[in-house]
file entry_13.cif (mmCIF, C-alpha atoms)
data_final
loop_
_atom_site.label_atom_id
_atom_site.label_comp_id
_atom_site.auth_asym_id
_atom_site.auth_seq_id
_atom_site.Cartn_x
_atom_site.Cartn_y
_atom_site.Cartn_z
CA MET T 876 125.84 36.87 -70.95
CA LEU T 877 126.65 40.57 -70.82
CA LYS T 878 125.52 42.79 -73.69
CA VAL T 879 128.36 45.06 -74.83
CA ILE T 880 128.66 48.22 -76.95
CA VAL T 881 132.03 49.46 -78.26
CA VAL T 882 132.36 53.20 -78.90
CA ASP T 883 135.42 54.56 -80.73
CA ASP T 884 135.83 57.01 -83.63
CA GLU T 885 138.80 55.02 -84.99
CA PRO T 886 137.70 52.02 -87.13
CA LEU T 887 140.92 50.09 -86.46
CA ALA T 888 140.60 50.65 -82.72
CA ARG T 889 137.01 49.35 -82.80
CA LYS T 890 138.02 46.31 -84.83
CA GLY T 891 140.89 45.54 -82.47
CA MET T 892 138.60 45.73 -79.46
CA LEU T 893 135.99 43.52 -81.14
CA VAL T 894 138.65 40.88 -81.88
CA ARG T 895 139.82 40.84 -78.27
CA LEU T 896 136.30 40.79 -76.81
CA ALA T 897 135.39 37.80 -79.03
CA GLU T 898 137.66 35.70 -76.79
CA TYR T 899 135.17 36.05 -73.91
CA PRO T 900 132.07 33.84 -74.25
CA GLN T 901 130.44 35.76 -71.39
CA LEU T 902 130.28 38.88 -73.58
CA GLU T 903 128.10 39.64 -76.60
CA VAL T 904 128.82 42.77 -78.63
CA ILE T 905 125.45 44.08 -79.75
CA ALA T 906 126.58 47.35 -81.39
CA GLU T 907 129.56 49.50 -82.27
CA CYS T 908 129.47 53.29 -82.49
CA SER T 909 131.81 55.74 -84.18
CA ASN T 910 130.82 58.93 -82.33
CA GLY T 911 129.18 60.28 -79.20
CA GLU T 912 125.75 60.88 -80.74
CA GLN T 913 125.51 57.27 -81.90
CA ALA T 914 126.64 56.12 -78.48
CA ILE T 915 123.89 58.03 -76.69
CA SER T 916 121.26 56.64 -79.05
CA CYS T 917 122.45 53.03 -78.87
CA ILE T 918 122.91 53.00 -75.10
CA SER T 919 119.47 54.51 -74.55
CA GLU T 920 117.71 52.10 -76.93
CA LEU T 921 119.64 48.83 -76.51
CA GLU T 922 120.29 49.06 -72.75
CA PRO T 923 123.66 47.28 -72.75
CA ASP T 924 125.28 45.89 -69.62
CA LEU T 925 128.77 47.15 -70.50
CA VAL T 926 130.17 49.92 -72.69
CA PHE T 927 133.77 50.40 -73.75
CA LEU T 928 133.78 54.16 -74.30
CA ASP T 929 136.54 56.07 -76.07
CA VAL T 930 137.43 59.33 -74.34
CA GLU T 931 138.88 61.36 -77.22
CA MET T 932 136.25 61.74 -79.94
CA PRO T 933 135.30 64.74 -82.08
CA GLY T 934 132.08 66.44 -81.09
CA LEU T 935 130.92 64.70 -77.92
CA ASP T 936 133.80 63.02 -76.12
CA GLY T 937 133.37 60.09 -73.75
CA PHE T 938 132.79 62.25 -70.67
CA ALA T 939 130.16 64.30 -72.48
CA VAL T 940 128.36 61.10 -73.52
CA LEU T 941 128.23 59.87 -69.95
CA LYS T 942 127.05 63.22 -68.56
CA HIS T 943 124.31 63.40 -71.22
CA LEU T 944 123.07 59.94 -70.26
CA GLN T 945 123.09 60.88 -66.59
CA SER T 946 121.14 64.08 -67.20
CA ALA T 947 118.58 62.09 -69.24
CA ASN T 948 118.14 59.67 -66.30
CA VAL T 949 119.21 56.70 -68.42
CA ASP T 950 120.05 53.58 -66.41
CA LEU T 951 123.80 53.51 -66.85
CA PRO T 952 125.62 50.32 -67.83
CA TYR T 953 129.09 49.49 -66.58
CA ILE T 954 131.39 52.05 -68.21
CA VAL T 955 135.00 51.30 -69.10
CA PHE T 956 136.82 54.27 -70.60
CA VAL T 957 139.37 53.61 -73.34
CA THR T 958 142.03 56.28 -73.79
CA ALA T 959 145.56 56.85 -75.01
CA TYR T 960 146.35 59.15 -72.08
CA ASP T 961 146.48 58.01 -68.46
CA HIS T 962 145.89 61.55 -67.15
CA TYR T 963 142.18 60.95 -67.83
CA ALA T 964 142.11 58.30 -65.10
CA TYR T 965 141.10 60.71 -62.34
CA ASN T 966 138.21 62.10 -64.40
CA ALA T 967 137.10 58.57 -65.28
CA PHE T 968 136.66 57.56 -61.67
CA GLU T 969 135.21 60.94 -60.78
CA VAL T 970 132.21 60.17 -63.03
CA ASN T 971 131.89 56.66 -61.56
CA ALA T 972 133.38 54.72 -64.44
CA LEU T 973 134.11 51.13 -63.48
CA ASP T 974 137.59 51.11 -65.01
CA TYR T 975 139.76 52.54 -67.77
CA VAL T 976 142.22 50.91 -70.17
CA LEU T 977 144.99 52.52 -72.14
CA LYS T 978 145.50 52.31 -75.89
CA PRO T 979 146.89 50.21 -77.38
CA VAL T 980 144.82 47.81 -75.27
CA GLU T 981 146.95 45.02 -73.86
CA PRO T 982 145.27 41.58 -73.62
CA GLU T 983 146.22 41.08 -69.96
CA ARG T 984 144.90 44.50 -68.92
CA LEU T 985 141.66 43.85 -70.80
CA ARG T 986 141.33 40.45 -69.12
CA GLN T 987 141.58 42.10 -65.69
CA THR T 988 138.87 44.58 -66.62
CA VAL T 989 136.52 41.95 -68.04
CA GLU T 990 136.94 39.75 -64.96
CA LYS T 991 136.19 42.72 -62.72
CA VAL T 992 132.97 43.47 -64.64
CA ILE T 993 131.83 39.83 -64.60
CA LYS T 994 132.42 39.45 -60.85
CA LEU T 995 130.59 42.68 -60.09
CA HIS T 996 127.68 41.70 -62.35
CA GLN T 997 127.39 38.26 -60.75
CA ALA T 998 127.41 39.78 -57.27
CA GLN T 999 124.71 42.28 -58.18
CA ASP T 1000 122.68 39.59 -59.94
CA ILE T 1001 122.75 37.42 -56.82
CA LYS T 1002 121.76 40.41 -54.69
CA LYS T 1003 118.89 41.20 -57.05
CA HIS T 1004 117.61 37.63 -57.00
CA LYS T 1005 117.85 37.50 -53.22
CA GLY T 1006 115.85 40.71 -53.00
CA GLN T 1007 113.16 39.34 -55.33
CA LEU T 1008 112.98 36.09 -53.38
CA ALA T 1009 112.78 37.92 -50.06
CA GLU T 1010 109.92 40.11 -51.34
CA ALA T 1011 108.01 37.06 -52.59
CA VAL T 1012 108.45 35.19 -49.31
CA ALA T 1013 107.49 38.31 -47.35
CA LYS T 1014 104.20 38.56 -49.25
CA LEU T 1015 103.44 34.92 -48.57
CA THR T 1016 104.46 34.84 -44.93
CA GLY T 1017 104.07 38.43 -43.71
CA ASP T 1018 107.64 38.39 -42.42
CA GLU T 1019 109.98 41.38 -42.83
CA THR T 1020 112.16 41.30 -45.97
CA ASP T 1021 115.21 42.22 -43.86
CA ASN T 1022 114.64 39.14 -41.68
CA ILE T 1023 114.36 36.93 -44.74
CA LEU T 1024 117.53 38.40 -46.27
CA ASN T 1025 119.39 37.74 -43.02
CA ARG T 1026 118.26 34.11 -43.07
CA LEU T 1027 119.38 33.82 -46.69
CA ASP T 1028 122.81 35.22 -45.80
CA ASN T 1029 123.10 32.78 -42.87
CA ALA T 1030 121.82 29.81 -44.90
CA GLU T 1031 118.86 29.44 -42.52
CA PRO T 1032 115.38 28.19 -43.52
CA LEU T 1033 113.29 30.97 -45.05
CA VAL T 1034 110.14 29.93 -43.25
CA ASN T 1035 109.36 27.68 -40.33
CA ASP T 1036 108.07 24.32 -41.53
CA ARG T 1037 105.96 24.02 -38.40
CA TYR T 1038 104.50 26.48 -35.95
CA PRO T 1039 103.52 25.50 -32.40
CA ASP T 1040 99.90 24.66 -31.66
CA THR T 1041 100.09 26.17 -28.17
CA ILE T 1042 102.05 28.77 -26.22
CA SER T 1043 103.16 27.99 -22.67
CA ILE T 1044 102.73 30.94 -20.32
CA LYS T 1045 104.23 30.97 -16.80
CA ASP T 1046 102.37 32.91 -14.15
CA SER T 1047 102.54 32.70 -10.33
CA GLY T 1048 104.19 29.29 -10.31
CA GLU T 1049 101.78 27.88 -12.89
CA ILE T 1050 102.21 27.12 -16.58
CA THR T 1051 99.19 27.62 -18.79
CA ARG T 1052 99.04 26.14 -22.28
CA VAL T 1053 97.14 28.55 -24.51
CA PRO T 1054 95.96 27.19 -27.90
CA ILE T 1055 97.21 29.33 -30.75
CA THR T 1056 93.77 29.35 -32.37
CA ALA T 1057 92.25 30.76 -29.16
CA ILE T 1058 94.36 33.94 -29.40
CA GLU T 1059 92.35 36.90 -30.71
CA TRP T 1060 95.05 39.55 -30.57
CA VAL T 1061 98.28 40.49 -28.83
CA ASP T 1062 99.57 43.84 -27.68
CA ALA T 1063 102.83 44.93 -26.13
CA ALA T 1064 103.01 46.32 -22.60
CA GLY T 1065 106.58 47.36 -21.92
CA ASP T 1066 108.71 44.22 -21.70
CA TYR T 1067 105.64 41.98 -21.69
CA MET T 1068 103.05 40.72 -24.15
CA CYS T 1069 99.34 40.71 -23.35
CA ILE T 1070 97.77 37.64 -24.96
CA HIS T 1071 94.03 38.21 -25.35
CA THR T 1072 92.04 35.00 -25.87
CA GLU T 1073 88.54 34.22 -27.07
CA ASP T 1074 87.34 33.34 -23.55
CA GLY T 1075 87.94 36.94 -22.45
CA GLN T 1076 91.14 36.24 -20.53
CA THR T 1077 94.42 38.14 -20.80
CA HIS T 1078 97.65 36.22 -20.28
CA ILE T 1079 100.94 37.99 -19.60
CA LEU T 1080 103.94 36.66 -21.51
CA ARG T 1081 107.48 37.94 -21.05
CA ARG T 1082 108.79 37.95 -24.59
CA THR T 1083 109.47 40.50 -27.32
CA MET T 1084 106.96 41.14 -30.07
CA LYS T 1085 109.51 40.06 -32.67
CA GLU T 1086 110.13 36.73 -30.92
CA LEU T 1087 106.42 36.02 -30.59
CA GLU T 1088 105.73 36.99 -34.21
CA GLN T 1089 108.25 34.41 -35.41
CA GLU T 1090 106.37 31.67 -33.51
CA LEU T 1091 102.98 32.53 -35.02
CA ASP T 1092 101.92 31.20 -38.40
CA PRO T 1093 101.80 34.29 -40.70
CA ARG T 1094 98.86 32.72 -42.53
CA LEU T 1095 96.86 32.99 -39.30
CA PHE T 1096 98.26 36.16 -37.72
CA VAL T 1097 99.19 39.58 -39.07
CA ARG T 1098 101.32 42.30 -37.50
CA VAL T 1099 99.30 45.51 -37.67
CA HIS T 1100 101.40 47.78 -35.50
CA ARG T 1101 104.79 47.87 -33.85
CA SER T 1102 103.01 46.72 -30.69
CA ALA T 1103 100.06 44.66 -31.98
CA ILE T 1104 99.42 41.32 -33.69
CA VAL T 1105 95.93 40.15 -34.71
CA ASN T 1106 94.40 36.77 -35.46
CA VAL T 1107 93.21 37.10 -39.06
CA SER T 1108 90.05 35.08 -38.41
CA ASN T 1109 88.92 37.70 -35.88
CA ILE T 1110 89.15 40.68 -38.23
CA ALA T 1111 85.72 42.10 -39.03
CA LYS T 1112 86.63 45.16 -41.07
CA LEU T 1113 89.27 47.77 -41.87
CA GLN T 1114 88.23 51.38 -41.31
CA MET T 1115 89.78 54.61 -42.59
CA LEU T 1116 89.51 57.37 -40.01
CA ALA T 1117 88.94 61.08 -40.63
CA ASN T 1118 92.61 61.86 -39.94
CA GLY T 1119 93.70 59.46 -42.69
CA GLU T 1120 94.78 56.70 -40.32
CA HIS T 1121 93.41 53.16 -40.38
CA GLN T 1122 92.07 50.86 -37.71
CA LEU T 1123 90.86 47.29 -37.54
CA MET T 1124 87.60 46.26 -35.94
CA LEU T 1125 87.64 42.76 -34.51
CA THR T 1126 84.61 40.50 -34.25
CA ASN T 1127 84.59 41.09 -30.47
CA GLY T 1128 84.27 44.87 -31.01
CA GLN T 1129 87.89 45.66 -30.18
CA ALA T 1130 89.39 48.52 -32.25
CA ILE T 1131 93.11 48.29 -33.05
CA LYS T 1132 95.15 50.99 -34.74
CA VAL T 1133 97.02 50.08 -37.95
CA SER T 1134 100.34 51.88 -38.41
CA ARG T 1135 101.35 53.18 -41.84
CA SER T 1136 104.29 50.78 -42.09
CA TYR T 1137 101.97 47.76 -41.70
CA LYS T 1138 99.00 49.06 -43.70
CA ASP T 1139 99.86 47.23 -46.93
CA ARG T 1140 100.34 43.97 -45.07
CA VAL T 1141 96.91 44.32 -43.48
CA LYS T 1142 95.30 45.08 -46.86
CA GLN T 1143 96.72 41.83 -48.22
CA VAL T 1144 94.53 39.99 -45.71
CA PHE T 1145 91.45 41.34 -47.46
CA ASN T 1146 92.80 40.38 -50.88
CA GLN T 1147 93.29 36.73 -50.03
#
call {"tool": "encode", "arguments": {"input": "entry_13.cif", "output": "structure tokens"}}
result
Amino acid sequence: MLKVIVVDDEPLARKGMLVRLAEYPQLEVIAECSNGEQAISCISELEPDLVFLDVEMPGLDGFAVLKHLQSANVDLPYIVFVTAYDHYAYNAFEVNALDYVLKPVEPERLRQTVEKVIKLHQAQDIKKHKGQLAEAVAKLTGDETDNILNRLDNAEPLVNDRYPDTISIKDSGEITRVPITAIEWVDAAGDYMCIHTEDGQTHILRRTMKELEQELDPRLFVRVHRSAIVNVSNIAKLQMLANGEHQLMLTNGQAIKVSRSYKDRVKQVFNQ
């Protein structure tokens, strides 16, 4: 349900608007204001979703109210200007009002406006919930939020239910099956991946870092750099260098740089 405030210096105009808005169960009028000062106070304190704002009012008119709220960095609700003169339309859209309706307000015109607000609110609500879900999944899996949002948009699974136990690597006519748990870290070398394993070997895999990352269980591996992935169980410590950068020390003594964009993800490993 959308919280609504009606602002108009004419009592009859306010009453008429309240009667018409009562026909919409999706709307709840939480306040009515008779002047610009009241409007600023109510909008700031009550944080409505939608305001029907009269343009012509003594003292602070509708445009002045909106500009005051903007200068005070108040989160603006949807604004629908109400006016008796259509020449205000240009100014209404210039200050990013969602719509404007002319007095006397016709039921059909008001219906169009209300439907526009509801559709926009629903779309933004869905977008907000998707963003929150993507952030939560990203924290759990270590995946990029953009990747998760793309899977949501394409109705794809958010996370892989199963990750492979081994990676098959072709080299000189042979195929070697490398256990996932044996991988200590991975770094990019041009168009190839260097898979470093616990037995001291390095296997060359022709695949992109992004493709490989999607095959590795994010509970076991963390991306620490645009060109490096590390097995979490092999991380010994995180060091802050004199220049402000960070690096990981693995249990085998290998030092791996941590880029700024992946620093928070790496720190989550130490908070688990």
call {"tool": "closest_residue", "arguments": {"input": "entry_13.cif", "among": "T:Val1141, T:Ile1044, T:Ala1111, T:Leu985", "to": "Pro1093 of chain T", "atoms": "only C-alpha atoms"}}
result
T:Val1141
call {"tool": "closest_residue", "arguments": {"input": "entry_13.cif", "among": "T:Val1053, T:Ala1117, T:Val1097, T:Ala888", "to": "Pro979 of chain T", "atoms": "only C-alpha atoms"}}
result
T:Ala888
call {"tool": "atom_distance", "arguments": {"input": "entry_13.cif", "atom1": "atom CA of Pro1039 of chain T", "atom2": "atom CA of Tyr1137 of chain T"}}
result
24.2 Å
call {"tool": "resolve_selection", "arguments": {"input": "entry_13.cif", "expression": "the PyMOL selection byres ((chain T and resi 917) around 10)", "output": "list in words"}}
result
Ile880, Val882, Ile905, Ala906, Glu907, Cys908, Gly911, Glu912, Gln913, Ala914, Ile915, Ser916, Ile918, Ser919, Glu920, Leu921, Glu922 and Pro923 of chain T
call {"tool": "closest_residue", "arguments": {"input": "entry_13.cif", "among": "T:Arg986, T:Lys942, T:Lys1112, T:His1100", "to": "Asp1139 of chain T", "atoms": "all atoms listed in the file"}}
result
T:His1100
call {"tool": "closest_residue", "arguments": {"input": "entry_13.cif", "among": "T:Ile954, T:Ile1110, T:Val879, T:Ala959", "to": "Glu981 of chain T", "atoms": "all atoms listed in the file"}}
result
T:Ala959
